[in-house]
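Data file: target00.cif. Format and content: mmCIF, C-alpha atoms.
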data_target
#
loop_
_atom_site.label_atom_id
_atom_site.label_comp_id
_atom_site.auth_asym_id
_atom_site.auth_seq_id
_atom_site.Cartn_x
_atom_site.Cartn_y
_atom_site.Cartn_z
CA MET A 210 -9.40 63.68 -25.57
CA PRO A 211 -9.61 65.89 -22.44
CA THR A 212 -12.75 67.99 -22.41
CA PRO A 213 -13.46 71.35 -20.73
CA TYR A 214 -15.39 70.82 -17.53
CA GLY A 215 -17.56 73.59 -16.11
CA SER A 216 -17.06 77.32 -16.51
CA ARG A 217 -14.07 77.62 -14.16
CA GLY A 218 -11.45 76.31 -16.58
CA GLY A 219 -11.60 72.72 -15.33
CA MET A 220 -10.70 69.78 -17.57
CA ALA A 221 -11.91 66.16 -17.56
CA PHE A 222 -9.49 63.31 -18.44
CA SER A 223 -10.29 59.73 -19.33
CA ALA A 224 -8.71 56.82 -17.44
CA ASP A 225 -6.21 56.15 -20.29
CA GLU A 226 -5.24 59.83 -20.44
CA LEU A 227 -4.68 59.88 -16.69
CA ARG A 228 -2.39 56.84 -17.01
CA VAL A 229 -0.32 58.64 -19.66
CA LEU A 230 -0.24 61.79 -17.55
CA ARG A 231 0.86 59.86 -14.45
CA ARG A 232 3.61 58.13 -16.43
CA ALA A 233 4.81 61.44 -17.88
CA LEU A 234 4.95 62.99 -14.40
CA ALA A 235 6.88 60.02 -13.03
CA ILE A 236 9.41 60.34 -15.87
CA ALA A 237 9.71 64.08 -15.25
CA LEU A 238 10.48 63.43 -11.57
CA GLN A 239 12.91 60.55 -12.21
CA PRO A 240 14.34 60.90 -15.73
CA ALA A 241 14.69 57.61 -17.52
CA PRO A 242 15.04 56.57 -21.16
CA LEU A 243 11.66 56.71 -22.89
CA GLN A 244 10.31 54.04 -25.18
CA HIS A 245 8.91 55.11 -28.53
CA GLU A 246 5.35 54.25 -27.46
CA ASP A 247 5.63 56.43 -24.34
CA VAL A 248 6.85 59.38 -26.41
CA GLN A 249 3.94 58.98 -28.83
CA ASP A 250 1.44 58.74 -25.96
CA CYS A 251 2.81 61.92 -24.38
CA LEU A 252 2.69 63.79 -27.71
CA ARG A 253 -0.90 62.68 -28.31
CA LEU A 254 -1.88 63.78 -24.81
CA ALA A 255 -0.20 67.18 -25.30
CA GLU A 256 -2.12 67.69 -28.55
CA SER A 257 -5.35 66.69 -26.81
CA VAL A 258 -4.73 69.14 -23.97
CA ASP A 259 -4.05 71.93 -26.49
CA GLU A 260 -7.30 71.13 -28.27
CA ALA A 261 -9.19 71.12 -24.98
CA VAL A 262 -7.74 74.55 -24.13
CA ARG A 263 -8.90 75.85 -27.52
CA GLU A 264 -12.34 74.36 -26.90
CA ALA A 265 -12.49 76.06 -23.49
CA GLY A 266 -11.69 79.36 -25.23
CA ARG A 267 -14.52 78.76 -27.71
CA LEU A 268 -16.93 77.96 -24.86
CA ARG A 269 -15.91 81.17 -23.08
CA ALA A 270 -16.44 83.23 -26.24
CA PHE A 271 -19.87 81.63 -26.69
CA LEU A 272 -20.77 82.38 -23.06
CA LEU A 273 -19.78 86.03 -23.43
CA ALA A 274 -21.70 86.38 -26.70
CA ASP A 275 -24.75 84.82 -25.04
CA LEU A 276 -24.33 87.22 -22.11
CA ALA A 277 -24.31 90.19 -24.50
CA ARG A 278 -27.50 88.94 -26.20
CA TYR A 279 -29.29 88.56 -22.85
CA ARG A 280 -28.07 92.00 -21.75
CA GLU A 281 -29.50 93.61 -24.90
CA ALA A 282 -32.86 91.91 -24.26
CA LEU A 283 -33.20 93.31 -20.71
CA PRO A 284 -35.41 93.72 -18.68
CA GLY A 285 -37.33 90.80 -20.18
CA SER A 286 -34.36 88.43 -19.91
CA LEU A 287 -33.48 89.35 -16.31
CA SER A 288 -33.29 85.87 -14.78
CA GLY A 289 -31.29 84.41 -17.68
CA TYR A 290 -28.95 87.41 -17.74
CA LEU A 291 -28.21 87.20 -14.02
CA GLU A 292 -27.53 83.47 -14.25
CA LEU A 293 -25.20 83.90 -17.25
CA LEU A 294 -23.40 86.77 -15.55
CA ARG A 295 -22.81 84.64 -12.45
CA ASP A 296 -21.35 81.88 -14.64
CA ALA A 297 -19.13 84.37 -16.46
CA LEU A 298 -17.88 85.87 -13.20
CA ALA A 299 -17.10 82.37 -11.89
CA ALA A 300 -15.04 81.79 -15.06
CA GLY A 301 -12.96 84.90 -14.38
CA TYR A 302 -14.89 87.47 -16.44
CA ASP A 303 -14.29 91.12 -15.58
CA PRO A 304 -17.64 92.96 -15.71
CA GLY A 305 -17.62 95.83 -18.16
CA ALA A 306 -19.33 99.20 -18.20
CA ASP A 307 -22.35 97.71 -20.03
CA ASP A 308 -22.87 95.15 -17.28
CA LEU A 309 -22.61 97.77 -14.54
CA ALA A 310 -25.06 100.07 -16.34
CA ALA A 311 -27.54 97.21 -16.84
CA LEU A 312 -27.31 96.15 -13.19
CA ARG A 313 -27.78 99.74 -11.99
CA ALA A 314 -30.97 99.96 -14.03
CA LEU A 315 -32.18 96.71 -12.41
CA ARG A 316 -31.05 97.34 -8.84
CA ARG A 317 -34.64 97.27 -7.53
CA ASN A 318 -34.38 93.52 -7.96
CA PRO A 319 -32.56 92.12 -4.88
CA ALA A 320 -30.56 89.59 -6.92
CA ALA A 321 -29.47 92.30 -9.36
CA ALA A 322 -28.54 94.64 -6.50
CA GLU A 323 -26.41 91.92 -4.89
CA LEU A 324 -24.71 91.18 -8.20
CA LEU A 325 -24.14 94.90 -8.79
CA ALA A 326 -22.22 95.22 -5.51
CA ARG A 327 -20.08 92.21 -6.43
CA CYS A 328 -19.41 93.51 -9.97
CA GLN A 329 -18.48 96.98 -8.72
CA GLY A 330 -15.87 95.46 -6.40
CA LEU A 331 -14.47 93.27 -9.22
CA ALA A 332 -14.40 96.18 -11.68
CA GLU A 333 -12.63 98.43 -9.18
CA ARG A 334 -10.04 95.73 -8.45
CA SER A 335 -9.51 95.18 -12.19
CA VAL A 336 -9.00 98.91 -12.82
CA ARG A 337 -6.49 99.14 -9.96
CA ALA A 338 -4.58 96.13 -11.28
CA ARG A 339 -4.43 97.61 -14.80
CA LEU A 340 -3.32 100.97 -13.41
CA ALA A 341 -0.59 99.30 -11.35
CA ARG A 342 0.63 97.45 -14.46
CA VAL A 343 0.73 100.71 -16.45
CA VAL A 344 2.63 102.49 -13.67
CA GLN A 345 5.03 99.56 -13.39
CA ALA A 346 5.59 99.50 -17.15
CA THR A 347 6.23 103.25 -17.39
CA ALA A 348 8.42 103.55 -14.29
CA PRO A 349 12.16 103.94 -14.89
CA ALA A 350 14.16 100.74 -14.51
CA ALA A 351 15.92 102.10 -11.41
CA ASP A 352 12.58 102.63 -9.66
CA ARG A 353 11.23 99.14 -10.35
CA ALA A 354 13.54 97.30 -7.97
CA PRO A 355 13.37 98.15 -4.28
CA ARG A 356 16.37 100.13 -3.18
CA ALA A 357 18.43 98.76 -0.30
CA ARG A 358 20.88 100.81 1.72
CA LEU A 359 24.47 99.57 1.68
CA LEU A 360 25.18 99.34 5.36
CA ALA A 361 28.43 97.38 5.21
CA LEU A 362 30.21 99.79 2.90
CA PRO A 363 31.74 103.16 3.70
CA GLY A 364 28.99 105.72 3.66
CA GLY A 365 26.41 103.36 5.12
CA ARG A 366 24.98 103.32 8.64
CA ALA A 367 28.36 103.99 10.32
CA ALA A 368 28.85 107.12 8.28
CA ALA A 369 25.25 108.15 8.86
CA ASP A 370 25.75 107.94 12.64
CA GLU A 371 28.82 110.19 12.62
CA PRO A 372 28.15 113.89 13.10
CA LYS A 373 28.46 115.70 9.83
CA PRO A 374 30.83 118.70 9.80
CA THR A 375 29.00 121.96 9.43
CA PRO A 376 29.97 123.72 6.24
CA PRO A 377 31.71 127.09 6.75
CA ALA A 378 29.45 130.07 6.49
CA PRO A 379 29.94 131.97 3.27
CA ALA A 380 31.96 135.15 3.64
CA GLU A 381 29.73 138.17 3.78
CA ARG A 382 30.29 140.65 1.02
CA PRO A 383 30.01 144.29 1.91
CA VAL A 384 27.01 146.05 0.51
CA PRO A 385 28.20 148.17 -2.43
CA LYS A 386 27.80 151.92 -2.30
CA PRO A 387 25.47 153.57 -4.79
CA SER A 388 28.42 155.30 -6.39
CA GLU A 389 29.99 151.84 -7.08
CA VAL A 390 26.87 150.47 -8.63
CA PHE A 391 26.00 153.63 -10.56
CA PRO A 392 29.23 155.50 -11.39
CA PRO A 393 28.86 159.26 -11.95
CA ARG A 394 28.24 160.30 -15.50
CA ARG A 395 30.89 162.31 -17.21
CA ARG A 396 29.85 165.78 -18.19
CA PRO A 397 30.09 166.44 -21.92
CA VAL A 398 32.98 168.66 -22.93
CA PRO A 399 31.65 171.89 -24.52
CA PRO A 400 32.89 172.54 -28.07
CA PRO A 401 35.63 175.17 -28.40
CA PRO A 402 34.53 178.72 -29.32
CA PRO A 403 34.50 179.56 -33.06
CA GLU A 404 37.58 181.84 -32.77
CA GLU A 405 39.74 178.96 -31.51
CA ARG A 406 38.49 176.70 -34.29
CA ALA A 407 39.38 179.28 -36.91
CA ALA A 408 42.83 179.77 -35.38
CA GLY A 409 43.42 176.08 -35.37
#
As structure tokens:
Amino acid sequence: MPTPYGSRGGMAFSADELRVLRRALAIALQPAPLQHEDVQDCLRLAESVDEAVREAGRLRAFLLADLARYREALPGSLSGYLELLRDALAAGYDPGADDLAALRALRRNPAAAELLARCQGLAERSVRARLARVVQATAPAADRAPRARLLALPGGRAAADEPKPTPPAPAERPVPKPSEVFPPRRRPVPPPPPEERAAG
């Protein structure tokens, strides 16, 4: 069975497994009818690779748990913590806020100060990558693809080079007089005298 090799995601194969892998690659490059034994060998190798990947995941989880234990035991576990952190970084680990805080507290140590500078750069790059993914995911679909100008169609470069006609100036309206804006109020008509009302 292939086994995880080192902390960088490597994998070790036996001589028999390499023979099966070489045969499978040759068949993939030049398709040919497979014998039953070849199919079984390829299936067994695929299962073994899957198991090795799971084992690598378990090793990584163990390494990170060990790193957390050493971090909690600082400053007494300084040398072990720095060594484990280097291994985790080599395996693709993104340093977290706890690691940065621990390294800042230990920056009087030259090795810790050097590792702090490296972790700060990795953390900043990781934050920028996550931010770019969020922006990409939330951007409208039209903004995700780069826009190209259609130069061969009407309205492209040829139309852009032609002078554009100037739009006619809007006709000026005369300024209204105050009497047009505020018409004079009508004076109220006085009621008729009482004699006329009685006569009516």
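When only C-alpha atoms are used to compute distances to Ser257 in chain A, the closest of the residues A:Leu243, A:Arg317, A:Val229, A:Ala282 turns out to be A:Val229.
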Can you spell out as number ranges by chain the set of residues that the PyMOL selection byres ((chain A and resi 273) around 12) selects in the structure I just provided? A: 216, 266-272, 274-280, 290, 293-298, 300-305, 308
CA of Val258 in chain A to CA of Ala237 in chain A: how many Å, to one decimal? 17.6 Å
Evaluate the PyMOL selection byres ((chain A and resi 324) around 12) on the structure here and hand back the selected residues as a PyMOL selection string. chain A and resi 290-296+298+304+308-309+311-313+315-323+325-332
Selection to disk with C-alpha atoms, as a PDB file, keeping the file's coordinate frame:
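As a result, out29.pdb now contains:
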ATOM      1  CA  TYR A 290     -28.950  87.410 -17.740  1.00  0.00           C
ATOM      2  CA  LEU A 291     -28.210  87.200 -14.020  1.00  0.00           C
ATOM      3  CA  GLU A 292     -27.530  83.470 -14.250  1.00  0.00           C
ATOM      4  CA  LEU A 293     -25.200  83.900 -17.250  1.00  0.00           C
ATOM      5  CA  LEU A 294     -23.400  86.770 -15.550  1.00  0.00           C
ATOM      6  CA  ARG A 295     -22.810  84.640 -12.450  1.00  0.00           C
ATOM      7  CA  ASP A 296     -21.350  81.880 -14.640  1.00  0.00           C
ATOM      8  CA  LEU A 298     -17.880  85.870 -13.200  1.00  0.00           C
ATOM      9  CA  PRO A 304     -17.640  92.960 -15.710  1.00  0.00           C
ATOM     10  CA  ASP A 308     -22.870  95.150 -17.280  1.00  0.00           C
ATOM     11  CA  LEU A 309     -22.610  97.770 -14.540  1.00  0.00           C
ATOM     12  CA  ALA A 311     -27.540  97.210 -16.840  1.00  0.00           C
ATOM     13  CA  LEU A 312     -27.310  96.150 -13.190  1.00  0.00           C
ATOM     14  CA  ARG A 313     -27.780  99.740 -11.990  1.00  0.00           C
ATOM     15  CA  LEU A 315     -32.180  96.710 -12.410  1.00  0.00           C
ATOM     16  CA  ARG A 316     -31.050  97.340  -8.840  1.00  0.00           C
ATOM     17  CA  ARG A 317     -34.640  97.270  -7.530  1.00  0.00           C
ATOM     18  CA  ASN A 318     -34.380  93.520  -7.960  1.00  0.00           C
ATOM     19  CA  PRO A 319     -32.560  92.120  -4.880  1.00  0.00           C
ATOM     20  CA  ALA A 320     -30.560  89.590  -6.920  1.00  0.00           C
ATOM     21  CA  ALA A 321     -29.470  92.300  -9.360  1.00  0.00           C
ATOM     22  CA  ALA A 322     -28.540  94.640  -6.500  1.00  0.00           C
ATOM     23  CA  GLU A 323     -26.410  91.920  -4.890  1.00  0.00           C
ATOM     24  CA  LEU A 325     -24.140  94.900  -8.790  1.00  0.00           C
ATOM     25  CA  ALA A 326     -22.220  95.220  -5.510  1.00  0.00           C
ATOM     26  CA  ARG A 327     -20.080  92.210  -6.430  1.00  0.00           C
ATOM     27  CA  CYS A 328     -19.410  93.510  -9.970  1.00  0.00           C
ATOM     28  CA  GLN A 329     -18.480  96.980  -8.720  1.00  0.00           C
ATOM     29  CA  GLY A 330     -15.870  95.460  -6.400  1.00  0.00           C
ATOM     30  CA  LEU A 331     -14.470  93.270  -9.220  1.00  0.00           C
ATOM     31  CA  ALA A 332     -14.400  96.180 -11.680  1.00  0.00           C
TER      32      ALA A 332
END
Would you list the contacts of Arg228 in chain A as a VMD selection string, taking every protein, DNA or RNA residue within 12 Å and counting only C-alpha atoms, but skipping same-chain residues closer than 4 positions in sequence? chain A and resid 222 to 224 232 to 235 247 250 to 251 254
Written file, previous selection with C-alpha atoms, as a PDB file, keeping the file's coordinate frame:
ATOM      1  CA  PHE A 222      -9.490  63.310 -18.440  1.00  0.00           C
ATOM      2  CA  SER A 223     -10.290  59.730 -19.330  1.00  0.00           C
ATOM      3  CA  ALA A 224      -8.710  56.820 -17.440  1.00  0.00           C
ATOM      4  CA  ARG A 232       3.610  58.130 -16.430  1.00  0.00           C
ATOM      5  CA  ALA A 233       4.810  61.440 -17.880  1.00  0.00           C
ATOM      6  CA  LEU A 234       4.950  62.990 -14.400  1.00  0.00           C
ATOM      7  CA  ALA A 235       6.880  60.020 -13.030  1.00  0.00           C
ATOM      8  CA  ASP A 247       5.630  56.430 -24.340  1.00  0.00           C
ATOM      9  CA  ASP A 250       1.440  58.740 -25.960  1.00  0.00           C
ATOM     10  CA  CYS A 251       2.810  61.920 -24.380  1.00  0.00           C
ATOM     11  CA  LEU A 254      -1.880  63.780 -24.810  1.00  0.00           C
TER      12      LEU A 254
END
Smallest atom-to-atom distance to Ala255 in chain A: which of A:Ala346, A:Ala299, A:Ala310, A:Leu230, using only C-alpha atoms? A:Leu230
